[in-house]
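Printed here is start38.pdb (PDB, C-alpha atoms and all ligand atoms):
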ATOM      1  CA  ARG A   1      17.196  27.616 -33.220
ATOM      2  CA  ALA A   2      17.107  24.252 -31.587
ATOM      3  CA  LYS A   3      20.642  24.781 -30.415
ATOM      4  CA  ALA A   4      19.950  28.155 -28.903
ATOM      5  CA  ASN A   5      16.895  26.754 -27.150
ATOM      6  CA  GLY A   6      18.861  23.770 -25.962
ATOM      7  CA  ARG A   7      21.349  26.050 -24.351
ATOM      8  CA  ASN A   8      18.599  27.999 -22.639
ATOM      9  CA  SER A   9      16.862  24.924 -21.396
ATOM     10  CA  ILE A  10      20.110  23.584 -19.972
ATOM     11  CA  SER A  11      20.599  26.691 -17.899
ATOM     12  CA  PHE A  12      16.912  26.516 -17.012
ATOM     13  CA  TYR A  13      16.798  22.873 -15.937
ATOM     14  CA  ARG A  14      20.108  22.689 -14.147
ATOM     15  CA  PRO A  15      19.104  24.521 -10.981
ATOM     16  CA  SER A  16      15.858  22.576 -10.608
ATOM     17  CA  MET A  17      17.618  19.222 -11.023
ATOM     18  CA  GLN A  18      20.200  20.376  -8.540
ATOM     19  CA  GLN A  19      17.428  21.415  -6.186
ATOM     20  CA  SER A  20      15.687  18.054  -6.300
ATOM     21  CA  ALA A  21      19.012  16.271  -5.777
ATOM     22  CA  ASP A  22      19.648  18.518  -2.776
ATOM     23  CA  ARG A  23      16.208  17.863  -1.366
ATOM     24  CA  ARG A  24      16.746  14.157  -1.737
ATOM     25  CA  LEU A  25      20.059  14.280   0.107
ATOM     26  CA  THR A  26      18.583  16.388   2.878
ATOM     27  CA  LEU A  27      15.590  14.067   3.189
ATOM     28  CA  GLU A  28      17.904  11.085   3.374
ATOM     29  CA  LYS A  29      19.743  12.651   6.292
ATOM     30  CA  GLU A  30      16.531  13.723   7.988
ATOM     31  CA  LEU A  31      14.930  10.336   7.443
ATOM     32  CA  ARG A  32      17.496   8.868   9.836
ATOM     33  CA  GLN A  33      16.240  11.152  12.589
ATOM     34  CA  ALA A  34      12.553  10.905  11.758
ATOM     35  CA  LEU A  35      11.919   7.568  13.419
ATOM     36  CA  LYS A  36      13.666   8.579  16.657
ATOM     37  CA  SER A  37      11.837  11.906  16.675
ATOM     38  CA  HIS A  38       8.417  10.240  16.192
ATOM     39  CA  GLN A  39       7.708  12.078  12.956
ATOM     40  CA  PHE A  40       5.950   9.162  11.276
ATOM     41  CA  LEU A  41       2.291   8.450  11.622
ATOM     42  CA  LEU A  42      -0.181   6.147   9.952
ATOM     43  CA  HIS A  43      -3.310   7.112   8.132
ATOM     44  CA  TYR A  44      -5.974   4.531   7.465
ATOM     45  CA  GLN A  45      -8.177   4.064   4.439
ATOM     46  CA  PRO A  46     -11.250   1.811   4.545
ATOM     47  CA  GLN A  47     -11.701  -1.170   2.244
ATOM     48  CA  VAL A  48     -15.436  -1.730   1.940
ATOM     49  CA  ASP A  49     -17.813  -4.312   0.521
ATOM     50  CA  HIS A  50     -20.744  -3.699  -1.853
ATOM     51  CA  LEU A  51     -22.974  -2.725   1.057
ATOM     52  CA  GLY A  52     -20.499  -0.123   2.260
ATOM     53  CA  ARG A  53     -19.392  -2.164   5.252
ATOM     54  CA  VAL A  54     -15.771  -1.751   6.261
ATOM     55  CA  LEU A  55     -13.981  -5.058   5.816
ATOM     56  CA  SER A  56     -10.523  -3.845   6.526
ATOM     57  CA  VAL A  57      -8.340  -0.765   6.495
ATOM     58  CA  GLU A  58      -5.040  -0.103   4.789
ATOM     59  CA  ALA A  59      -2.354   1.598   6.841
ATOM     60  CA  LEU A  60      -0.546   4.304   4.851
ATOM     61  CA  ILE A  61       2.545   5.942   6.286
ATOM     62  CA  ARG A  62       2.891   9.735   6.545
ATOM     63  CA  TRP A  63       5.958  11.762   7.440
ATOM     64  CA  GLN A  64       5.095  14.854   9.417
ATOM     65  CA  HIS A  65       8.260  16.853   8.812
ATOM     66  CA  PRO A  66       8.885  19.643  11.375
ATOM     67  CA  GLU A  67       9.573  22.268   8.666
ATOM     68  CA  LYS A  68       8.520  20.786   5.332
ATOM     69  CA  GLY A  69       5.082  19.607   6.448
ATOM     70  CA  MET A  70       3.524  16.332   5.357
ATOM     71  CA  ILE A  71       5.761  14.375   2.979
ATOM     72  CA  SER A  72       4.262  11.708   0.733
ATOM     73  CA  PRO A  73       5.428   8.088   0.978
ATOM     74  CA  ALA A  74       5.809   8.175  -2.798
ATOM     75  CA  GLU A  75       8.726  10.546  -2.180
ATOM     76  CA  PHE A  76      10.433   9.088   0.895
ATOM     77  CA  ILE A  77       9.763   5.323   0.692
ATOM     78  CA  PRO A  78      12.076   4.966  -2.350
ATOM     79  CA  ILE A  79      14.805   6.799  -0.422
ATOM     80  CA  ALA A  80      14.200   4.580   2.590
ATOM     81  CA  GLU A  81      14.493   1.504   0.374
ATOM     82  CA  GLU A  82      17.812   2.587  -1.057
ATOM     83  CA  THR A  83      19.290   3.275   2.349
ATOM     84  CA  GLN A  84      18.127   0.201   4.306
ATOM     85  CA  LEU A  85      16.122   2.559   6.510
ATOM     86  CA  ILE A  86      13.071   0.758   5.189
ATOM     87  CA  LEU A  87      13.843  -2.071   7.646
ATOM     88  CA  PRO A  88      13.265  -0.123  10.905
ATOM     89  CA  ILE A  89      10.573   2.034   9.275
ATOM     90  CA  GLY A  90       8.731  -0.996   7.888
ATOM     91  CA  GLU A  91       8.912  -2.696  11.254
ATOM     92  CA  TRP A  92       7.500   0.384  12.964
ATOM     93  CA  VAL A  93       4.592   0.397  10.483
ATOM     94  CA  ILE A  94       3.650  -3.197  11.301
ATOM     95  CA  GLU A  95       4.000  -2.588  15.056
ATOM     96  CA  GLU A  96       1.924   0.572  14.966
ATOM     97  CA  ALA A  97      -0.750  -1.045  12.789
ATOM     98  CA  CYS A  98      -1.013  -3.923  15.265
ATOM     99  CA  ARG A  99      -1.214  -1.509  18.214
ATOM    100  CA  GLN A 100      -3.933   0.422  16.388
ATOM    101  CA  ILE A 101      -6.130  -2.573  15.692
ATOM    102  CA  ARG A 102      -5.800  -3.416  19.366
ATOM    103  CA  ARG A 103      -7.002   0.123  20.284
ATOM    104  CA  TRP A 104      -9.927  -0.204  17.887
ATOM    105  CA  ASP A 105     -10.821  -3.529  19.474
ATOM    106  CA  GLN A 106     -10.835  -1.856  22.881
ATOM    107  CA  GLN A 107     -13.036   0.965  21.555
ATOM    108  CA  ALA A 108     -15.338  -1.544  19.827
ATOM    109  CA  VAL A 109     -14.570  -0.041  16.412
ATOM    110  CA  PRO A 110     -15.300  -2.946  14.089
ATOM    111  CA  VAL A 111     -12.234  -3.429  11.900
ATOM    112  CA  ARG A 112     -11.603  -7.033  11.033
ATOM    113  CA  HIS A 113      -8.351  -6.782   9.086
ATOM    114  CA  ILE A 114      -5.507  -4.342   8.871
ATOM    115  CA  ALA A 115      -3.449  -4.229   5.672
ATOM    116  CA  VAL A 116       0.136  -2.995   5.623
ATOM    117  CA  ASN A 117       2.413  -2.351   2.672
ATOM    118  CA  VAL A 118       5.650  -4.274   2.550
ATOM    119  CA  SER A 119       8.523  -3.108   0.409
ATOM    120  CA  SER A 120      10.671  -5.459  -1.589
ATOM    121  CA  ARG A 121      13.782  -4.986   0.503
ATOM    122  CA  GLN A 122      11.833  -5.561   3.693
ATOM    123  CA  PHE A 123      10.282  -8.762   2.355
ATOM    124  CA  ARG A 124      13.654 -10.048   1.111
ATOM    125  CA  HIS A 125      15.291  -9.588   4.501
ATOM    126  CA  ALA A 126      16.132 -12.941   6.077
ATOM    127  CA  GLY A 127      14.441 -12.145   9.377
ATOM    128  CA  PHE A 128      11.174 -10.874   7.901
ATOM    129  CA  VAL A 129       8.840 -13.694   8.930
ATOM    130  CA  ALA A 130      10.424 -14.003  12.378
ATOM    131  CA  ARG A 131      10.002 -10.261  12.987
ATOM    132  CA  ILE A 132       6.327 -10.425  12.113
ATOM    133  CA  ARG A 133       5.805 -13.420  14.378
ATOM    134  CA  HIS A 134       7.516 -11.486  17.150
ATOM    135  CA  ILE A 135       5.443  -8.323  16.613
ATOM    136  CA  LEU A 136       2.180 -10.296  16.621
ATOM    137  CA  ALA A 137       3.137 -12.047  19.838
ATOM    138  CA  GLU A 138       4.212  -8.798  21.467
ATOM    139  CA  THR A 139       1.068  -6.868  20.531
ATOM    140  CA  GLY A 140      -1.225  -9.844  21.133
ATOM    141  CA  ILE A 141      -2.802  -9.640  17.695
ATOM    142  CA  ASP A 142      -4.081 -12.760  15.984
ATOM    143  CA  ALA A 143      -2.232 -13.419  12.715
ATOM    144  CA  SER A 144      -5.536 -13.710  10.857
ATOM    145  CA  ARG A 145      -6.119  -9.972  11.393
ATOM    146  CA  LEU A 146      -3.065  -9.005   9.347
ATOM    147  CA  VAL A 147      -2.943  -8.572   5.569
ATOM    148  CA  LEU A 148       0.404  -7.977   3.884
ATOM    149  CA  GLU A 149       0.287  -6.004   0.636
ATOM    150  CA  LEU A 150       3.146  -7.109  -1.584
ATOM    151  CA  THR A 151       3.812  -5.851  -5.091
ATOM    152  CA  GLU A 152       4.568  -8.069  -8.057
ATOM    153  CA  GLY A 153       8.127  -6.738  -8.047
ATOM    154  CA  CYS A 154       8.428  -7.828  -4.452
ATOM    155  CA  VAL A 155       7.449 -11.464  -4.984
ATOM    156  CA  ILE A 156       9.001 -12.111  -8.385
ATOM    157  CA  SER A 157      12.677 -11.466  -7.717
ATOM    158  CA  ASP A 158      13.627 -14.665  -5.853
ATOM    159  CA  ILE A 159      10.802 -17.082  -6.364
ATOM    160  CA  ASP A 160      12.145 -19.859  -4.072
ATOM    161  CA  ASP A 161      12.653 -17.505  -1.162
ATOM    162  CA  THR A 162       9.230 -15.988  -1.854
ATOM    163  CA  VAL A 163       7.480 -19.382  -1.865
ATOM    164  CA  GLU A 164       9.093 -20.305   1.433
ATOM    165  CA  LYS A 165       8.221 -17.030   3.125
ATOM    166  CA  MET A 166       4.679 -16.939   1.819
ATOM    167  CA  ARG A 167       4.073 -20.520   2.938
ATOM    168  CA  ASP A 168       5.306 -19.586   6.401
ATOM    169  CA  LEU A 169       3.048 -16.536   6.477
ATOM    170  CA  GLN A 170       0.088 -18.542   5.253
ATOM    171  CA  GLY A 171       0.832 -21.203   7.851
ATOM    172  CA  MET A 172       0.600 -18.534  10.533
ATOM    173  CA  GLY A 173      -2.769 -17.433   9.149
ATOM    174  CA  ILE A 174      -1.631 -14.139   7.636
ATOM    175  CA  LEU A 175      -3.366 -13.019   4.435
ATOM    176  CA  THR A 176      -1.422 -11.717   1.455
ATOM    177  CA  SER A 177      -2.540  -9.344  -1.240
ATOM    178  CA  ILE A 178      -0.821  -8.459  -4.514
ATOM    179  CA  ASP A 179      -0.864  -4.661  -4.629
ATOM    180  CA  ASP A 180      -0.965  -2.641  -7.871
ATOM    181  CA  PHE A 181      -1.843  -5.838  -9.693
ATOM    182  CA  GLY A 182      -1.349  -5.660 -13.444
ATOM    183  CA  VAL A 183       1.274  -2.950 -13.730
ATOM    184  CA  GLY A 184       4.323  -4.817 -12.489
ATOM    185  CA  TYR A 185       5.107  -7.898 -14.562
ATOM    186  CA  SER A 186       3.354  -9.605 -17.391
ATOM    187  CA  SER A 187       4.355 -13.024 -16.049
ATOM    188  CA  LEU A 188       1.448 -14.739 -14.353
ATOM    189  CA  TYR A 189       3.569 -17.734 -13.444
ATOM    190  CA  TYR A 190       3.805 -16.754  -9.800
ATOM    191  CA  LEU A 191       0.012 -16.708  -9.417
ATOM    192  CA  LYS A 192      -0.188 -20.486  -9.477
ATOM    193  CA  LYS A 193       3.007 -20.983  -7.474
ATOM    194  CA  LEU A 194       2.327 -18.674  -4.552
ATOM    195  CA  PRO A 195      -0.179 -18.882  -1.714
ATOM    196  CA  ILE A 196      -1.875 -15.540  -2.404
ATOM    197  CA  SER A 197      -5.190 -14.507  -0.813
ATOM    198  CA  GLN A 198      -6.117 -11.440  -2.836
ATOM    199  CA  LEU A 199      -5.426  -9.425  -5.979
ATOM    200  CA  LYS A 200      -5.681  -5.670  -5.752
ATOM    201  CA  ILE A 201      -6.482  -4.174  -9.149
ATOM    202  CA  ASP A 202      -4.218  -1.198  -9.753
ATOM    203  CA  GLN A 203      -5.889   2.190  -9.706
ATOM    204  CA  SER A 204      -4.721   3.039 -13.227
ATOM    205  CA  PHE A 205      -7.020   0.315 -14.611
ATOM    206  CA  VAL A 206      -9.892   1.411 -12.398
ATOM    207  CA  ARG A 207      -9.453   4.988 -13.621
ATOM    208  CA  ASP A 208      -9.692   3.754 -17.229
ATOM    209  CA  ILE A 209     -12.964   1.843 -16.794
ATOM    210  CA  ALA A 210     -15.217   4.565 -18.128
ATOM    211  CA  VAL A 211     -12.832   6.218 -20.588
ATOM    212  CA  ASP A 212     -11.069   3.358 -22.307
ATOM    213  CA  PRO A 213     -12.822   0.191 -23.525
ATOM    214  CA  ASN A 214      -9.528  -1.704 -23.235
ATOM    215  CA  GLY A 215      -9.256  -0.616 -19.617
ATOM    216  CA  ALA A 216     -12.691  -2.062 -18.915
ATOM    217  CA  VAL A 217     -11.727  -5.346 -20.592
ATOM    218  CA  ILE A 218      -8.559  -5.597 -18.518
ATOM    219  CA  VAL A 219     -10.443  -5.016 -15.270
ATOM    220  CA  GLU A 220     -13.043  -7.619 -16.193
ATOM    221  CA  THR A 221     -10.317 -10.096 -17.109
ATOM    222  CA  ILE A 222      -8.507  -9.610 -13.796
ATOM    223  CA  ILE A 223     -11.766 -10.113 -11.888
ATOM    224  CA  ASN A 224     -12.529 -13.328 -13.767
ATOM    225  CA  MET A 225      -9.014 -14.632 -13.353
ATOM    226  CA  ALA A 226      -9.076 -13.944  -9.616
ATOM    227  CA  LYS A 227     -12.413 -15.730  -9.288
ATOM    228  CA  ASN A 228     -11.254 -18.731 -11.266
ATOM    229  CA  LEU A 229      -8.107 -18.977  -9.160
ATOM    230  CA  GLY A 230     -10.203 -18.764  -5.992
ATOM    231  CA  LEU A 231      -8.711 -15.418  -4.963
ATOM    232  CA  ASN A 232     -10.441 -12.435  -3.452
ATOM    233  CA  VAL A 233     -10.303  -9.320  -5.616
ATOM    234  CA  ILE A 234     -10.399  -5.667  -4.573
ATOM    235  CA  ALA A 235     -10.307  -2.526  -6.718
ATOM    236  CA  GLU A 236      -8.181   0.413  -5.583
ATOM    237  CA  GLY A 237      -8.501   4.059  -6.512
ATOM    238  CA  VAL A 238     -12.289   3.922  -6.812
ATOM    239  CA  GLU A 239     -13.504   7.496  -7.258
ATOM    240  CA  THR A 240     -16.972   7.311  -8.819
ATOM    241  CA  GLN A 241     -20.299   5.542  -8.475
ATOM    242  CA  GLU A 242     -19.990   4.595 -12.136
ATOM    243  CA  GLN A 243     -16.797   2.643 -11.424
ATOM    244  CA  ILE A 244     -18.457   0.852  -8.499
ATOM    245  CA  GLU A 245     -21.412  -0.118 -10.679
ATOM    246  CA  PHE A 246     -19.133  -1.542 -13.338
ATOM    247  CA  LEU A 247     -17.013  -3.428 -10.796
ATOM    248  CA  GLN A 248     -20.050  -4.818  -9.013
ATOM    249  CA  ALA A 249     -21.649  -5.937 -12.289
ATOM    250  CA  LYS A 250     -18.455  -7.818 -13.140
ATOM    251  CA  GLY A 251     -18.350  -9.482  -9.727
ATOM    252  CA  CYS A 252     -15.802  -7.403  -7.808
ATOM    253  CA  LEU A 253     -17.374  -6.679  -4.418
ATOM    254  CA  SER A 254     -14.530  -4.977  -2.531
ATOM    255  CA  TYR A 255     -13.501  -1.379  -3.047
ATOM    256  CA  GLN A 256     -10.975   1.123  -1.796
ATOM    257  CA  GLY A 257     -10.779   4.720  -2.938
ATOM    258  CA  PHE A 258     -11.671   8.329  -2.341
ATOM    259  CA  TYR A 259     -15.306   7.547  -3.169
ATOM    260  CA  THR A 260     -15.729   5.172  -0.249
ATOM    261  CA  GLY A 261     -13.328   6.911   2.128
ATOM    262  CA  ARG A 262     -10.097   8.891   2.040
ATOM    263  CA  PRO A 263      -7.106   7.964   4.158
ATOM    264  CA  ALA A 264      -7.501   9.617   7.575
ATOM    265  CA  SER A 265      -6.119   9.540  11.093
ATOM    266  CA  ALA A 266      -7.066   6.673  13.388
ATOM    267  CA  ASP A 267      -9.184   8.992  15.538
ATOM    268  CA  SER A 268     -11.294  10.375  12.751
ATOM    269  CA  PHE A 269     -11.707   6.847  11.477
ATOM    270  CA  GLY A 270     -12.923   5.577  14.836
ATOM    271  CA  ARG A 271     -15.463   8.407  15.106
ATOM    272  CA  ARG A 272     -17.180   7.363  11.903
ATOM    273  CA  THR A 273     -20.387   5.681  12.891
ATOM    274  CA  HIS A 274     -21.466   4.861   9.373
ATOM    275  CA  PRO A 275     -18.608   3.237   7.578
ATOM    276  CA  ALA A 276     -18.812   4.514   4.046
ATOM    277  CA  ALA A 277     -20.892   6.212   1.424
ATOM    278  CA  PRO A 278     -23.996   4.193   0.580
ATOM    279  CA  LEU A 279     -23.359   1.892  -2.336
ATOM    280  CA  THR A 280     -25.855   0.383  -4.668
TER     281      THR A 280
HETATM  282  P1  LIG B   1      -0.527   1.865  -2.477
HETATM  283  O1  LIG B   1      -0.201   0.854  -1.452
HETATM  284  O2  LIG B   1      -0.961   1.377  -3.796
HETATM  285  O3  LIG B   1      -1.619   2.802  -1.798
HETATM  286  C1  LIG B   1      -2.644   3.446  -2.496
HETATM  287  C2  LIG B   1      -2.344   4.902  -2.710
HETATM  288  O4  LIG B   1      -3.402   5.479  -3.462
HETATM  289  C3  LIG B   1      -2.266   5.743  -1.428
HETATM  290  O5  LIG B   1      -1.347   6.803  -1.651
HETATM  291  C4  LIG B   1      -3.680   6.282  -1.323
HETATM  292  O6  LIG B   1      -3.772   7.475  -0.546
HETATM  293  C5  LIG B   1      -3.992   6.547  -2.762
HETATM  294  N1  LIG B   1      -5.427   6.503  -3.048
HETATM  295  C6  LIG B   1      -6.402   5.851  -2.373
HETATM  296  N2  LIG B   1      -7.600   6.022  -2.964
HETATM  297  C7  LIG B   1      -7.392   6.795  -4.040
HETATM  298  C8  LIG B   1      -8.268   7.343  -5.058
HETATM  299  O7  LIG B   1      -9.469   7.126  -5.082
HETATM  300  N3  LIG B   1      -7.672   8.097  -6.018
HETATM  301  C9  LIG B   1      -6.334   8.350  -6.022
HETATM  302  N4  LIG B   1      -5.853   9.125  -7.005
HETATM  303  N5  LIG B   1      -5.489   7.867  -5.086
HETATM  304  C10 LIG B   1      -6.015   7.105  -4.107
HETATM  305  P2  LIG B   1      -0.223   7.175  -0.593
HETATM  306  O8  LIG B   1      -0.768   7.069   0.802
HETATM  307  O9  LIG B   1       0.390   8.442  -1.011
HETATM  308  O10 LIG B   1       0.832   5.996  -0.759
HETATM  309  C11 LIG B   1       1.511   5.814  -1.968
HETATM  310  C12 LIG B   1       2.293   4.533  -1.974
HETATM  311  O11 LIG B   1       3.346   4.584  -0.998
HETATM  312  C13 LIG B   1       1.482   3.303  -1.615
HETATM  313  O12 LIG B   1       0.736   2.852  -2.724
HETATM  314  C14 LIG B   1       2.572   2.351  -1.195
HETATM  315  O13 LIG B   1       3.169   1.769  -2.313
HETATM  316  C15 LIG B   1       3.563   3.274  -0.538
HETATM  317  N6  LIG B   1       3.375   3.209   0.923
HETATM  318  C16 LIG B   1       2.484   3.857   1.712
HETATM  319  N7  LIG B   1       2.639   3.506   3.011
HETATM  320  C17 LIG B   1       3.642   2.599   3.048
HETATM  321  C18 LIG B   1       4.279   1.840   4.098
HETATM  322  O14 LIG B   1       3.907   1.900   5.276
HETATM  323  N8  LIG B   1       5.299   1.011   3.726
HETATM  324  C19 LIG B   1       5.696   0.863   2.426
HETATM  325  N9  LIG B   1       6.699   0.037   2.132
HETATM  326  N10 LIG B   1       5.118   1.560   1.422
HETATM  327  C20 LIG B   1       4.100   2.402   1.723
HETATM  328 MG    MG B   2      -1.111  -0.825  -0.741
HETATM  329 MG    MG B   3      -1.877  -0.082  -4.664
HETATM  330 MG    MG B   4      -0.306   2.258  -6.071
END
Representation of the structure as structure tokens:
Amino acid sequence: RAKANGRNSISFYRPSMQQSADRRLTLEKELRQALKSHQFLLHYQPQVDHLGRVLSVEALIRWQHPEKGMISPAEFIPIAEETQLILPIGEWVIEEACRQIRRWDQQAVPVRHIAVNVSSRQFRHAGFVARIRHILAETGIDASRLVLELTEGCVISDIDDTVEKMRDLQGMGILTSIDDFGVGYSSLYYLKKLPISQLKIDQSFVRDIAVDPNGAVIVETIINMAKNLGLNVIAEGVETQEQIEFLQAKGCLSYQGFYTGRPASADSFGRRTHPAAPLT
């Protein structure tokens, strides 16, 4: 029976695996054109404090494909990383984010910081810090407005290179945040070695707060560790008032998630007069 089923499932799965491999290849080809054809855009999600005030926004890339519609970064960023295309794409993201904060300044939309995601390959590139310095100078944005979100995987791979780059960034006044904190590596060694400004608690832990006592303990432990290390801490993926209450009680006063604001276009963000849902 198992054998017969196995045979059936092979013939069943083969086309779908083939299809996803085809889609990937097509996307890879199309990704090369996407930047030139202006198919990327940034959405922005607010990061708010316990009073609902917007502290900063995270820029999240979107690919508006002419036929396939909106494609998620979770699908195309890994392809971009494998093909080096992440370098020009990542640079465009930082440029566009800087241009946007400039526009908000001109429109008197109060956004203090803009956070951008940096992929491992982009961070490892020898010219990374110089490119950022150049972009800031060109757009006229003060370095203290920029937050770089780096993952644990990004900073851990070549610790000497990481220390040097992060010291340079810190020297310029740029803030750094460890994204998806807690899911990457169990080693905490880098926390004392690196000039980090903020830990961003991964959304999987935030999701577990109410359902899993261990999840709640982990979140509380991360908050305490961040405090004791003198780091700012923010929770991502916040979806309920209950989660906010827990986080606030444990001393985490910065939140990002669907509950306090979904990612949206720059225009719709600027139109918002009241920053976020009222918090307790
Ligand atoms: P991330 O940096 O951890 O971003 C958070 C992701 O969680 C975003 O997905 C956001 O839309 C989503 N999110 C926010 N609040 C909630 C919530 O309450 N519930 C749930 N379920 N999800 C929430 P998105 O925009 O699809 O981005 C996915 C990932 O793609 C990002 O994770 C980041 O790793 C990567 N990414 C996005 N933009 C860029 C970029 O410009 N450059 C690079 N290198 N990576 C990017
Ligand atoms: Mg992020
Ligand atoms: Mg994250
Ligand atoms: Mg994530």
Residues of chain A at most 7 Å from ligand LIG 1 (chain B): nearest atom pair and distance in Å, only C-alpha atoms and all ligand atoms, as JSON lines:
{"residue": "A:Ala59", "atom": "CA", "partner": "B:LIG1", "partner_atom": "O14", "distance": 6.5}
{"residue": "A:Leu60", "atom": "CA", "partner": "B:LIG1", "partner_atom": "N7", "distance": 3.8}
{"residue": "A:Ile61", "atom": "CA", "partner": "B:LIG1", "partner_atom": "N7", "distance": 4.1}
{"residue": "A:Ser72", "atom": "CA", "partner": "B:LIG1", "partner_atom": "O9", "distance": 5.4}
{"residue": "A:Pro73", "atom": "CA", "partner": "B:LIG1", "partner_atom": "O11", "distance": 4.5}
{"residue": "A:Ala74", "atom": "CA", "partner": "B:LIG1", "partner_atom": "O11", "distance": 4.7}
{"residue": "A:Ile77", "atom": "CA", "partner": "B:LIG1", "partner_atom": "N10", "distance": 6.0}
{"residue": "A:Gly90", "atom": "CA", "partner": "B:LIG1", "partner_atom": "N8", "distance": 5.8}
{"residue": "A:Val93", "atom": "CA", "partner": "B:LIG1", "partner_atom": "O14", "distance": 5.5}
{"residue": "A:Val116", "atom": "CA", "partner": "B:LIG1", "partner_atom": "O14", "distance": 6.2}
{"residue": "A:Asn117", "atom": "CA", "partner": "B:LIG1", "partner_atom": "N8", "distance": 4.6}
{"residue": "A:Val118", "atom": "CA", "partner": "B:LIG1", "partner_atom": "N9", "distance": 4.5}
{"residue": "A:Ser119", "atom": "CA", "partner": "B:LIG1", "partner_atom": "N9", "distance": 4.0}
{"residue": "A:Asp179", "atom": "CA", "partner": "B:LIG1", "partner_atom": "O2", "distance": 6.1}
{"residue": "A:Asp180", "atom": "CA", "partner": "B:LIG1", "partner_atom": "O2", "distance": 5.7}
{"residue": "A:Glu236", "atom": "CA", "partner": "B:LIG1", "partner_atom": "N2", "distance": 6.2}
{"residue": "A:Gly237", "atom": "CA", "partner": "B:LIG1", "partner_atom": "O7", "distance": 3.5}
{"residue": "A:Val238", "atom": "CA", "partner": "B:LIG1", "partner_atom": "O7", "distance": 4.6}
{"residue": "A:Glu239", "atom": "CA", "partner": "B:LIG1", "partner_atom": "O7", "distance": 4.6}
{"residue": "A:Gln256", "atom": "CA", "partner": "B:LIG1", "partner_atom": "N2", "distance": 6.1}
{"residue": "A:Gly257", "atom": "CA", "partner": "B:LIG1", "partner_atom": "N2", "distance": 3.4}
{"residue": "A:Phe258", "atom": "CA", "partner": "B:LIG1", "partner_atom": "O7", "distance": 3.7}
{"residue": "A:Tyr259", "atom": "CA", "partner": "B:LIG1", "partner_atom": "O7", "distance": 6.2}
{"residue": "A:Arg262", "atom": "CA", "partner": "B:LIG1", "partner_atom": "N2", "distance": 6.3}
{"residue": "A:Pro263", "atom": "CA", "partner": "B:LIG1", "partner_atom": "O6", "distance": 5.8}
For Arg24 in chain A, work out the shell of residues within 10 Å, counting all atoms listed in the file and skipping chain neighbours fewer than 6 positions away, then give it as a PDB file with C-alpha atoms, in the coordinates of the input.
ATOM      1  CA  GLN A  18      20.200  20.376  -8.540  1.00  0.00           C
ATOM      2  CA  GLU A  30      16.531  13.723   7.988  1.00  0.00           C
ATOM      3  CA  GLU A  75       8.726  10.546  -2.180  1.00  0.00           C
ATOM      4  CA  PHE A  76      10.433   9.088   0.895  1.00  0.00           C
ATOM      5  CA  ILE A  79      14.805   6.799  -0.422  1.00  0.00           C
TER       6      ILE A  79
END
Contacts of Gln64 in chain A at 6 Å or less, counting only C-alpha atoms, minus same-chain residues fewer than 5 places along, as a PyMOL selection string? chain A and resi 39+69-70
Nearest to Asp161 in chain A by atom-to-atom distance, counting only C-alpha atoms, from A:His50, A:Phe123, A:Thr176, A:Leu191: A:Phe123
Convert the output of the PyMOL selection byres (((chain A and resi 31) around 12) and not hetatm) on the shown file into explicit residues, formatted as a PyMOL selection string. chain A and resi 23-30+32-40+63-66+71+73+75-86+88-89
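In this structure, CA of Asn232 in chain A sits 13.8 Å away from CA of Leu148 in chain A.
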Best match for closeness to ligand MG 3 (chain B) among A:Gly171, A:Gly251, A:Pro195, A:Gly182, counting all atoms listed in the file: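 Checking each of A:Gly171, A:Gly251, A:Pro195, A:Gly182 against ligand MG 3 (chain B), counting all atoms listed in the file, the winner is A:Gly182.
Checking A:Val219, A:Met17, A:Leu51, A:Val206 one by one against Thr260 in chain A, counting all atoms listed in the file, you find the shortest gap at A:Leu51.
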Can you give me, as a PyMOL selection string, the residues this file yields under the PyMOL selection byres (((chain A and resi 155) around 12) and not hetatm)? chain A and resi 118-124+148-154+156-166+176-179+181+184-185+187-191+193-196
Only C-alpha atoms, please: the residues just picked out, written as a compact mmCIF listing (two decimals), in the frame of the given file.
# COMPACT_ATOMS: atom_id res chain seq x y z
CA VAL A 118 5.65 -4.27 2.55
CA SER A 119 8.52 -3.11 0.41
CA SER A 120 10.67 -5.46 -1.59
CA ARG A 121 13.78 -4.99 0.50
CA GLN A 122 11.83 -5.56 3.69
CA PHE A 123 10.28 -8.76 2.36
CA ARG A 124 13.65 -10.05 1.11
CA LEU A 148 0.40 -7.98 3.88
CA GLU A 149 0.29 -6.00 0.64
CA LEU A 150 3.15 -7.11 -1.58
CA THR A 151 3.81 -5.85 -5.09
CA GLU A 152 4.57 -8.07 -8.06
CA GLY A 153 8.13 -6.74 -8.05
CA CYS A 154 8.43 -7.83 -4.45
CA ILE A 156 9.00 -12.11 -8.38
CA SER A 157 12.68 -11.47 -7.72
CA ASP A 158 13.63 -14.66 -5.85
CA ILE A 159 10.80 -17.08 -6.36
CA ASP A 160 12.14 -19.86 -4.07
CA ASP A 161 12.65 -17.50 -1.16
CA THR A 162 9.23 -15.99 -1.85
CA VAL A 163 7.48 -19.38 -1.86
CA GLU A 164 9.09 -20.30 1.43
CA LYS A 165 8.22 -17.03 3.12
CA MET A 166 4.68 -16.94 1.82
CA THR A 176 -1.42 -11.72 1.46
CA SER A 177 -2.54 -9.34 -1.24
CA ILE A 178 -0.82 -8.46 -4.51
CA ASP A 179 -0.86 -4.66 -4.63
CA PHE A 181 -1.84 -5.84 -9.69
CA GLY A 184 4.32 -4.82 -12.49
CA TYR A 185 5.11 -7.90 -14.56
CA SER A 187 4.36 -13.02 -16.05
CA LEU A 188 1.45 -14.74 -14.35
CA TYR A 189 3.57 -17.73 -13.44
CA TYR A 190 3.80 -16.75 -9.80
CA LEU A 191 0.01 -16.71 -9.42
CA LYS A 193 3.01 -20.98 -7.47
CA LEU A 194 2.33 -18.67 -4.55
CA PRO A 195 -0.18 -18.88 -1.71
CA ILE A 196 -1.88 -15.54 -2.40
